[in-house]
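Visitor: File follows, run.txt with compact mmCIF, C-alpha atoms and all ligand atoms:
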# COMPACT_ATOMS: atom_id res chain seq x y z
CA MET A 1 0.00 0.00 0.00
CA LYS A 2 1.29 3.48 -0.94
CA ILE A 3 0.92 5.97 1.90
CA LEU A 4 1.88 9.65 2.17
CA ILE A 5 2.21 11.36 5.55
CA THR A 6 2.08 15.17 5.73
CA GLY A 7 3.97 16.38 8.80
CA GLY A 8 5.86 13.08 8.77
CA ALA A 9 8.88 14.60 10.51
CA GLY A 10 6.86 15.27 13.69
CA GLN A 11 6.20 13.37 16.91
CA ILE A 12 3.42 11.14 15.57
CA GLY A 13 4.59 11.03 11.94
CA THR A 14 8.05 9.72 12.81
CA ASP A 15 6.66 6.87 14.91
CA LEU A 16 3.95 6.08 12.34
CA LEU A 17 6.57 5.87 9.58
CA HIS A 18 8.41 3.13 11.46
CA HIS A 19 5.13 1.38 12.35
CA LEU A 20 3.88 1.38 8.72
CA HIS A 21 7.31 0.45 7.37
CA GLY A 22 7.13 -2.63 9.60
CA LYS A 23 3.81 -3.50 7.96
CA GLY A 24 5.36 -3.29 4.46
CA ALA A 25 3.86 0.04 3.30
CA LYS A 26 5.50 2.10 0.54
CA LEU A 27 5.99 5.45 2.24
CA SER A 28 6.31 9.13 1.29
CA VAL A 29 6.52 12.20 3.51
CA PHE A 30 5.64 15.83 2.85
CA ASP A 31 7.03 18.25 5.46
CA VAL A 32 8.64 21.70 5.77
CA ALA A 33 11.34 19.96 7.76
CA GLY A 34 13.98 17.65 6.34
CA PRO A 35 14.18 13.94 7.15
CA PRO A 36 15.18 13.01 10.73
CA GLU A 37 18.00 10.59 11.48
CA GLY A 38 17.17 6.92 11.45
CA LEU A 39 14.56 7.16 8.71
CA PRO A 40 13.38 3.72 7.54
CA PRO A 41 14.87 2.81 4.14
CA GLY A 42 12.98 3.63 0.95
CA VAL A 43 10.96 6.61 2.26
CA ARG A 44 10.50 9.35 -0.36
CA TRP A 45 10.81 12.81 1.13
CA TYR A 46 9.07 15.88 -0.33
CA ARG A 47 10.06 19.15 1.26
CA GLY A 48 7.43 21.90 1.15
CA SER A 49 4.63 23.67 3.00
CA VAL A 50 1.06 22.41 3.07
CA ASP A 51 -0.18 25.99 2.82
CA ASN A 52 1.51 26.25 -0.58
CA PRO A 53 -0.97 24.40 -2.86
CA SER A 54 1.40 23.95 -5.78
CA GLU A 55 4.06 22.26 -3.62
CA LEU A 56 1.58 19.88 -2.04
CA LEU A 57 -0.33 19.11 -5.27
CA ASP A 58 2.89 18.27 -7.11
CA ALA A 59 4.02 15.97 -4.30
CA VAL A 60 0.69 14.11 -4.09
CA LYS A 61 0.57 13.76 -7.88
CA ASP A 62 4.12 12.40 -7.93
CA ALA A 63 3.78 10.05 -4.95
CA ALA A 64 0.29 8.83 -6.03
CA PRO A 65 -0.64 7.46 -2.58
CA GLU A 66 -3.76 5.43 -1.84
CA VAL A 67 -3.93 6.83 1.68
CA VAL A 68 -2.83 10.23 3.05
CA TYR A 69 -2.29 10.71 6.78
CA HIS A 70 -2.66 14.47 7.15
CA PHE A 71 -0.67 15.49 10.23
CA ALA A 72 1.08 18.75 9.21
CA ALA A 73 -0.07 21.42 11.66
CA LEU A 74 1.00 23.92 14.26
CA LEU A 75 -0.06 22.64 17.68
CA SER A 76 -1.83 24.48 20.52
CA ALA A 77 0.99 26.33 22.32
CA THR A 78 2.91 27.08 19.10
CA GLY A 79 -0.33 28.15 17.43
CA GLU A 80 -1.17 30.67 20.16
CA ALA A 81 2.30 32.20 19.72
CA ALA A 82 1.81 32.46 15.93
CA PRO A 83 -1.95 32.40 15.20
CA HIS A 84 -1.68 33.60 11.59
CA ARG A 85 0.91 30.99 10.73
CA ALA A 86 -1.26 28.40 12.48
CA TYR A 87 -4.26 29.48 10.42
CA ALA A 88 -2.28 29.11 7.19
CA ALA A 89 -0.80 25.71 8.05
CA ASN A 90 -3.92 24.21 9.62
CA MET A 91 -6.78 25.76 7.59
CA ASP A 92 -5.24 26.28 4.16
CA GLY A 93 -3.07 23.20 4.66
CA THR A 94 -6.05 20.94 5.37
CA ARG A 95 -8.06 22.34 2.46
CA ASN A 96 -5.03 21.78 0.18
CA ALA A 97 -4.54 18.22 1.44
CA LEU A 98 -8.21 17.36 0.82
CA GLU A 99 -8.14 19.02 -2.58
CA ALA A 100 -4.95 17.17 -3.59
CA ALA A 101 -6.61 13.91 -2.49
CA ARG A 102 -9.71 14.66 -4.56
CA LEU A 103 -7.77 15.69 -7.67
CA PHE A 104 -5.32 12.80 -7.70
CA GLY A 105 -7.59 9.91 -6.72
CA VAL A 106 -6.42 9.32 -3.13
CA ARG A 107 -8.78 6.71 -1.67
CA GLN A 108 -8.63 7.70 1.99
CA VAL A 109 -7.54 10.70 4.10
CA MET A 110 -6.80 10.10 7.79
CA PHE A 111 -7.04 13.23 9.96
CA ALA A 112 -5.42 13.85 13.34
CA SER A 113 -7.95 15.87 15.32
CA THR A 114 -7.64 16.68 18.99
CA ILE A 115 -9.32 17.29 22.34
CA ALA A 116 -8.59 20.99 21.61
CA VAL A 117 -11.79 21.07 19.51
CA PHE A 118 -13.70 21.15 22.80
CA GLY A 119 -14.32 24.21 24.96
CA PRO A 120 -15.22 24.63 28.62
CA GLY A 121 -18.45 23.65 30.36
CA LEU A 122 -19.00 20.21 28.81
CA PRO A 123 -20.10 16.95 30.52
CA ASP A 124 -17.42 14.75 32.12
CA PRO A 125 -16.58 12.48 30.31
CA VAL A 126 -17.14 14.40 27.04
CA PRO A 127 -19.02 12.45 24.32
CA ASP A 128 -18.44 12.89 20.57
CA ASP A 129 -21.41 15.09 19.76
CA VAL A 130 -21.36 18.26 21.83
CA PRO A 131 -21.22 21.95 20.86
CA LEU A 132 -17.63 22.66 19.77
CA GLN A 133 -16.52 26.03 21.19
CA PRO A 134 -12.70 25.87 21.26
CA SER A 135 -10.72 28.66 22.88
CA THR A 136 -7.52 28.39 20.78
CA ILE A 137 -6.77 29.03 17.10
CA TYR A 138 -5.54 25.42 17.04
CA GLY A 139 -8.95 24.17 18.18
CA VAL A 140 -10.79 26.45 15.74
CA THR A 141 -8.76 25.14 12.80
CA LYS A 142 -9.22 21.51 13.86
CA VAL A 143 -13.01 21.91 14.12
CA ALA A 144 -12.93 23.38 10.61
CA GLY A 145 -10.77 20.48 9.38
CA GLU A 146 -13.24 17.92 10.79
CA LEU A 147 -16.15 19.69 9.09
CA LEU A 148 -14.36 20.22 5.79
CA GLY A 149 -13.37 16.56 5.61
CA GLY A 150 -17.00 15.59 6.22
CA TYR A 151 -17.99 17.90 3.37
CA TYR A 152 -15.49 16.26 0.96
CA LYS A 153 -16.94 12.89 1.95
CA ARG A 154 -20.54 13.94 1.25
CA LYS A 155 -19.79 16.00 -1.85
CA TRP A 156 -17.09 13.93 -3.55
CA GLY A 157 -17.14 10.56 -1.81
CA LEU A 158 -13.65 10.93 -0.30
CA ASP A 159 -13.15 8.36 2.47
CA PHE A 160 -12.29 10.84 5.24
CA ARG A 161 -11.71 9.49 8.77
CA GLY A 162 -10.02 10.68 11.91
CA VAL A 163 -9.62 10.53 15.64
CA ARG A 164 -9.62 13.18 18.34
CA PHE A 165 -6.31 12.40 20.01
CA PRO A 166 -5.71 13.08 23.68
CA GLY A 167 -2.27 14.46 24.61
CA LEU A 168 0.25 11.94 23.27
CA ILE A 169 3.26 10.58 25.11
CA ASN A 170 6.24 8.82 23.51
CA ALA A 171 10.00 8.59 23.82
CA GLY A 172 10.59 11.73 21.79
CA VAL A 173 10.70 15.48 22.05
CA PRO A 174 7.25 17.10 22.34
CA GLY A 175 6.05 19.31 19.45
CA GLY A 176 4.64 22.39 21.26
CA GLY A 177 1.35 21.08 22.66
CA THR A 178 -0.18 22.19 25.97
CA THR A 179 -0.15 18.60 27.28
CA ASP A 180 3.64 18.32 26.82
CA TYR A 181 4.23 18.72 30.61
CA ALA A 182 3.59 14.99 31.16
CA LEU A 183 6.31 13.90 28.75
CA TRP A 184 8.69 16.63 29.98
CA MET A 185 8.39 15.15 33.51
CA TYR A 186 9.89 11.90 32.22
CA VAL A 187 12.45 13.52 29.89
CA GLU A 188 13.72 16.24 32.24
CA GLY A 189 13.32 14.01 35.29
CA ILE A 190 15.68 11.44 33.74
CA ARG A 191 18.03 13.99 32.08
CA ASN A 192 18.34 16.58 34.89
CA GLY A 193 16.76 14.97 37.96
CA LYS A 194 14.17 17.74 38.16
CA TYR A 195 11.33 19.41 36.27
CA GLU A 196 9.31 22.55 36.90
CA CYS A 197 5.80 21.81 35.67
CA TYR A 198 3.88 24.70 34.03
CA VAL A 199 0.43 23.51 35.19
CA GLY A 200 -0.74 22.81 38.75
CA PRO A 201 -0.60 19.36 40.39
CA GLU A 202 -4.37 18.73 40.16
CA SER A 203 -4.49 19.45 36.40
CA THR A 204 -6.14 16.55 34.58
CA CYS A 205 -6.32 15.91 30.88
CA PRO A 206 -6.89 12.90 28.63
CA MET A 207 -3.55 11.35 27.59
CA MET A 208 -2.47 8.35 25.53
CA TYR A 209 0.71 6.36 24.98
CA MET A 210 1.94 6.43 21.39
CA PRO A 211 1.65 2.68 20.65
CA ASP A 212 -2.07 2.95 21.42
CA ALA A 213 -2.34 6.05 19.20
CA LEU A 214 -0.64 4.35 16.23
CA ARG A 215 -2.80 1.27 16.64
CA ALA A 216 -5.93 3.46 16.72
CA LEU A 217 -4.98 5.13 13.43
CA VAL A 218 -4.25 1.87 11.64
CA GLU A 219 -7.30 0.07 13.05
CA LEU A 220 -9.61 2.92 12.05
CA SER A 221 -8.01 3.14 8.60
CA GLU A 222 -8.54 -0.60 8.03
CA THR A 223 -12.14 -0.84 9.30
CA PRO A 224 -14.66 -1.49 6.49
CA VAL A 225 -16.46 1.76 5.74
CA SER A 226 -19.85 0.04 6.21
CA ARG A 227 -19.13 -0.27 9.96
CA LEU A 228 -18.42 3.42 10.51
CA LYS A 229 -21.32 5.65 11.52
CA ARG A 230 -19.25 8.84 11.60
CA CYS A 231 -16.02 10.40 10.25
CA ILE A 232 -14.39 11.56 13.49
CA TYR A 233 -14.14 9.58 16.74
CA ASN A 234 -13.17 10.41 20.32
CA ILE A 235 -10.57 7.92 21.57
CA ALA A 236 -9.59 7.67 25.24
CA ALA A 237 -6.91 5.98 27.32
CA ILE A 238 -5.80 7.55 30.64
CA SER A 239 -6.52 10.77 32.57
CA PRO A 240 -4.01 11.06 35.45
CA THR A 241 -3.49 14.32 37.36
CA ALA A 242 -0.12 16.04 36.93
CA ALA A 243 0.72 14.87 40.47
CA GLU A 244 -0.05 11.26 39.51
CA PHE A 245 2.33 11.57 36.53
CA ALA A 246 4.96 12.98 38.91
CA ALA A 247 4.46 10.00 41.26
CA ALA A 248 4.81 7.55 38.35
CA VAL A 249 8.14 9.18 37.36
CA LYS A 250 9.43 9.29 40.97
CA LYS A 251 8.58 5.61 41.45
CA ARG A 252 10.92 4.71 38.56
CA VAL A 253 13.61 7.42 38.61
CA ARG A 254 15.30 7.77 41.98
CA GLY A 255 15.59 11.26 43.53
CA VAL A 256 13.57 13.19 40.94
CA GLU A 257 12.20 16.53 42.09
CA ILE A 258 9.02 17.79 40.40
CA THR A 259 7.91 21.34 41.27
CA TYR A 260 5.06 23.46 39.96
CA LYS A 261 5.11 27.02 38.62
CA VAL A 262 1.84 27.71 36.84
CA ASP A 263 1.96 29.47 33.47
CA PRO A 264 -1.52 31.12 33.42
CA ALA A 265 -1.80 31.01 29.61
CA ARG A 266 -1.14 27.28 29.28
CA GLN A 267 -3.11 26.45 32.45
CA ALA A 268 -6.12 28.31 30.99
CA ILE A 269 -5.89 26.33 27.75
CA LEU A 270 -5.67 23.04 29.64
CA ASP A 271 -8.58 23.97 31.92
CA SER A 272 -10.73 24.66 28.85
CA TRP A 273 -10.26 21.05 27.66
CA PRO A 274 -12.06 17.89 28.86
CA ARG A 275 -10.74 15.94 31.84
CA ARG A 276 -11.99 12.67 30.34
CA LEU A 277 -13.32 11.55 26.97
CA ASP A 278 -16.22 9.21 26.27
CA ASP A 279 -15.04 6.94 23.46
CA SER A 280 -18.05 4.59 23.36
CA CYS A 281 -18.73 5.29 19.63
CA ALA A 282 -15.18 4.18 18.67
CA ARG A 283 -15.57 1.08 20.87
CA ALA A 284 -18.92 0.18 19.31
CA ASP A 285 -18.09 0.89 15.64
CA TRP A 286 -14.52 -0.39 15.24
CA GLY A 287 -13.69 -2.13 18.51
CA TRP A 288 -11.30 0.52 19.88
CA LYS A 289 -9.76 -0.20 23.30
CA ALA A 290 -6.61 1.32 24.80
CA ALA A 291 -4.03 -1.17 26.06
CA TYR A 292 -1.75 1.04 28.21
CA ASP A 293 -2.60 2.42 31.66
CA LEU A 294 -0.25 4.78 33.54
CA ASP A 295 1.88 2.02 35.10
CA ARG A 296 2.22 -0.09 31.97
CA MET A 297 3.10 3.02 29.93
CA SER A 298 5.68 4.24 32.48
CA ASP A 299 7.37 0.81 32.69
CA ASP A 300 7.76 0.80 28.91
CA LEU A 301 8.62 4.48 28.51
CA VAL A 302 11.31 5.06 31.14
CA PRO A 303 13.95 2.72 29.62
CA LYS A 304 13.28 4.22 26.18
CA ILE A 305 13.75 7.78 27.41
CA ARG A 306 16.91 6.73 29.29
CA LYS A 307 18.26 5.46 25.97
CA MET A 308 17.12 8.61 24.12
CA VAL A 309 18.84 11.04 26.50
CA GLY A 310 21.78 8.72 27.27
CA VAL A 311 21.27 8.65 31.06
CA PHE A 312 21.14 5.22 32.70
N1 LIG B 1 1.08 15.27 19.78
C1 LIG B 1 -0.12 15.35 20.33
O1 LIG B 1 -0.26 15.25 21.55
C2 LIG B 1 -1.34 15.52 19.47
C3 LIG B 1 -2.61 15.45 20.08
C4 LIG B 1 -3.72 15.63 19.29
C5 LIG B 1 -3.61 15.82 17.92
N2 LIG B 1 -2.37 15.90 17.36
C6 LIG B 1 -2.29 16.15 15.92
O2 LIG B 1 -1.45 15.20 15.31
C7 LIG B 1 -0.75 15.79 14.22
C8 LIG B 1 0.74 15.54 14.38
O3 LIG B 1 1.13 16.09 15.63
P1 LIG B 1 2.62 15.95 16.17
O4 LIG B 1 2.52 15.82 17.64
O5 LIG B 1 3.36 14.95 15.40
O6 LIG B 1 3.13 17.43 15.88
P2 LIG B 1 4.63 17.92 15.58
O7 LIG B 1 4.64 19.39 15.84
O8 LIG B 1 5.60 17.05 16.27
O9 LIG B 1 4.74 17.64 14.02
C9 LIG B 1 4.08 18.43 13.06
C10 LIG B 1 4.86 18.31 11.77
O10 LIG B 1 4.21 19.16 10.81
C11 LIG B 1 5.23 19.86 10.11
N3 LIG B 1 4.66 21.11 9.63
C12 LIG B 1 4.26 22.19 10.33
N4 LIG B 1 3.81 23.14 9.52
C13 LIG B 1 3.91 22.65 8.26
C14 LIG B 1 3.60 23.15 6.99
N5 LIG B 1 3.09 24.38 6.83
N6 LIG B 1 3.83 22.37 5.92
C15 LIG B 1 4.35 21.13 6.04
N7 LIG B 1 4.69 20.60 7.23
C16 LIG B 1 4.46 21.35 8.32
C17 LIG B 1 6.34 20.09 11.11
O11 LIG B 1 7.58 20.33 10.46
C18 LIG B 1 6.31 18.78 11.89
O12 LIG B 1 7.17 17.84 11.30
C19 LIG B 1 -1.12 17.26 14.21
O13 LIG B 1 -2.10 17.49 13.22
C20 LIG B 1 -1.68 17.50 15.58
O14 LIG B 1 -2.65 18.51 15.56
C21 LIG B 1 -1.22 15.75 18.11
Take the structure from the file and write it as structure tokens.
Ligand SMILES: NC(=O)c1ccc[n+]([C@@H]2O[C@H](COP(=O)([O-])OP(=O)(O)OC[C@H]3O[C@@H](n4cnc5c(N)ncnc54)[C@H](O)[C@@H]3O)[C@@H](O)[C@H]2O)c1

Guide:
Amino acid sequence: MKILITGGAGQIGTDLLHHLHGKGAKLSVFDVAGPPEGLPPGVRWYRGSVDNPSELLDAVKDAAPEVVYHFAALLSATGEAAPHRAYAANMDGTRNALEAARLFGVRQVMFASTIAVFGPGLPDPVPDDVPLQPSTIYGVTKVAGELLGGYYKRKWGLDFRGVRFPGLINAGVPGGGTTDYALWMYVEGIRNGKYECYVGPESTCPMMYMPDALRALVELSETPVSRLKRCIYNIAAISPTAAEFAAAVKKRVRGVEITYKVDPARQAILDSWPRRLDDSCARADWGWKAAYDLDRMSDDLVPKIRKMVGVF
């Protein structure tokens, strides 16, 4: 299967490349960034910006993928620092990706949506169908991406699917999201023995370990379309408090000191998001179920981060 990943140099894209390479896919990437070290062999790399239609159209035409994973985006914290750039990358970029798919016969577009589509004042846990009133430019552009993909499906029959990811955790460097504090606790805790967390200890947000996230994407992509009752699905895994993450790190990394100094801007964004997600539609339609809880994730993650930062 020929697959193109936009934003394939990022946190999710890099891990998905290795995952799909292991499954025998023929892979291409389109990204403003160049290829990272340790790229699987045979990956074709197109360098360009998704908000430049000609660059993206030429790449999709040349790569001729059956499936596009559209990941290129500016995330929540980065987007608030550069809202106009975020608008261009996330709004124009998503329209261009859908248009390229329509023009060049791509069968399926997989979209990485987010809990940032939600705003404050929603039920706990938050189900799929609620009023979407995001407070960030990132959330606004992701709501628009969900809706635009649904339009391409109705109007032109494009097989558009996606998940609303919680904050994602892997052995890598976070990409500028508001939920990055959890991963920084592990990375800085192992590297420097301490971390000053930018949200308070009771802060709670849906999170997920990367192997679950990759499995969700592939399982959703492979589900027969007749089983799917919607385009976009909530998926859930864990919702520990920041203090519970800190305890999980301390249990595994001796002498770590985690302190808290709240950054009001990022705390406000986090507080506007759900504490827990209701993923019953994904469970019913395509059998979604997370495999990693906080302990299982931490046991797997800590040795990988030790290797990444070279501290044993
Ligand atoms: N990481 C998370 O916790 C999380 C949670 C929910 C949803 N998502 C979504 O998943 C997708 C991937 O996220 P990630 O964590 O890998 O982000 P990331 O920031 O690590 O990677 C994004 C990639 O997009 C590329 N990019 C940015 N602007 C571009 C442009 N104009 N043209 C081409 N490439 C561009 C970057 O170079 C980078 O390689 C995003 O759409 C994001 O909204 C991520």

Visitor: Tell me which of A:Gln108, A:Gln267, A:Thr178, A:Ser113 sits closest to ligand LIG 1 (chain B), counting all atoms listed in the file.

Guide: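 Result for the nearest residue to ligand LIG 1 (chain B): A:Ser113.
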
Visitor: Using all atoms listed in the file, pick whichever of A:Arg164, A:His84, A:Lys26, A:Lys261 has the shortest atom-to-atom distance to Lys142 (chain A).

Guide: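 Result for the nearest residue to Lys142 (chain A): A:Arg164.
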
Visitor: Quick one: of A:His19, A:Arg102, A:Lys2, A:Arg266, who's nearest to Val218 (chain A), counting only C-alpha atoms?

Guide: A:His19

Visitor: Dump the neighbourhood of ligand LIG 1 (chain B) as a ChimeraX atom specification: all residues within 8 Å, distances computed on all atoms listed in the file.

Guide: /A:6-14,30-33,47-52,70-76,85-86,88-90,93,111-116,138,142,164-169,173-177,179-180,207

Visitor: Calculate how many Å separate CA of Ile5 (chain A) from CA of His18 (chain A), rounding to one decimal.

Guide: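 Going from CA of Ile5 (chain A) over to CA of His18 (chain A) covers 11.9 Å.
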
Visitor: Smallest atom-to-atom distance to Gly24 (chain A): which of A:Ile269, A:Lys251, A:Lys229, A:Val43, using only C-alpha atoms?

Guide: A:Val43

Visitor: Please write as a list in words the list of polymer residues whose atoms come within 10 Å of (-6.9, -1.9, 27.9), counting only C-alpha atoms and keeping to the coordinates of the file.

Guide: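 Looking at atoms near the point gives Asp212, Ala237, Ile238, Trp288, Lys289, Ala290, Ala291, Tyr292 and Asp293 of chain A.
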
Visitor: Can you tell me how far CA of Leu220 (chain A) sits from CA of Ala236 (chain A), in Å to one decimal?

Guide: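 Pair CA of Leu220 (chain A) / CA of Ala236 (chain A) returns 14.0 Å.
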
Visitor: Figure out the distance between CA of Tyr87 (chain A) and CA of Pro65 (chain A), please, to one decimal in Å.

Guide: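 We find that CA of Pro65 (chain A) and CA of Tyr87 (chain A) lie 25.8 Å from each other.
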
Visitor: Near Asp15 (chain A), within 9 Å and counting all atoms listed in the file, which residues show up once chain neighbours fewer than 6 positions away are dropped, as a list in words?

Guide: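 My reading of the contact set: Gly8, Asn170, Met210, Pro211 and Leu214 of chain A.
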
Visitor: Quick one: of A:Glu188, A:Asp279, A:Asp263, A:Glu146, who's nearest to Ala216 (chain A), counting all atoms listed in the file?

Guide: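 The closest residue to Ala216 (chain A) is A:Asp279.
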
Visitor: Between A:Val249, A:Asp92, A:Tyr151, A:Glu37, which one has atoms that come closest to Leu183 (chain A), using only C-alpha atoms?

Guide: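 That would be A:Val249, the residue with the smallest distance to Leu183 (chain A).
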
Visitor: Would you kindly return, as a list of chain:residue names, each protein, DNA or RNA residue with an atom no farther than 8 Å from any atom of Ser135 (chain A), considering only C-alpha atoms and excluding same-chain residues fewer than 4 positions away?

Guide: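 Using only C-alpha atoms, the neighbours found are A:Gly119, A:Gly139, A:Val140, A:Ile269, A:Ser272.
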
Visitor: Write the selection just made, keeping C-alpha atoms, as a PDB file, keeping the file's coordinate frame?

Guide:
ATOM      1  CA  GLY A 119     -14.320  24.210  24.960  1.00  0.00           C
ATOM      2  CA  GLY A 139      -8.950  24.170  18.180  1.00  0.00           C
ATOM      3  CA  VAL A 140     -10.790  26.450  15.740  1.00  0.00           C
ATOM      4  CA  ILE A 269      -5.890  26.330  27.750  1.00  0.00           C
ATOM      5  CA  SER A 272     -10.730  24.660  28.850  1.00  0.00           C
TER       6      SER A 272
END

Visitor: List every protein, DNA or RNA residue with an atom no more than 12 Å from (-16.8, 19.2, 1.3) in the file's coordinates, counting only C-alpha atoms, and format the result as number ranges by chain.

Guide: A: 94-95, 98-99, 102, 144-160

Visitor: What's the 12 Å shell around Met1 (chain A), counting all atoms listed in the file, without same-chain residues fewer than 5 positions away, as a list in words?

Guide: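 The contact residues come out as Leu20, His21, Lys23, Gly24, Ala25, Lys26, Leu27, Ser28, Ala63, Ala64, Pro65, Glu66, Val67, Val68, Val106, Arg107, Gln108 and Glu222 of chain A.
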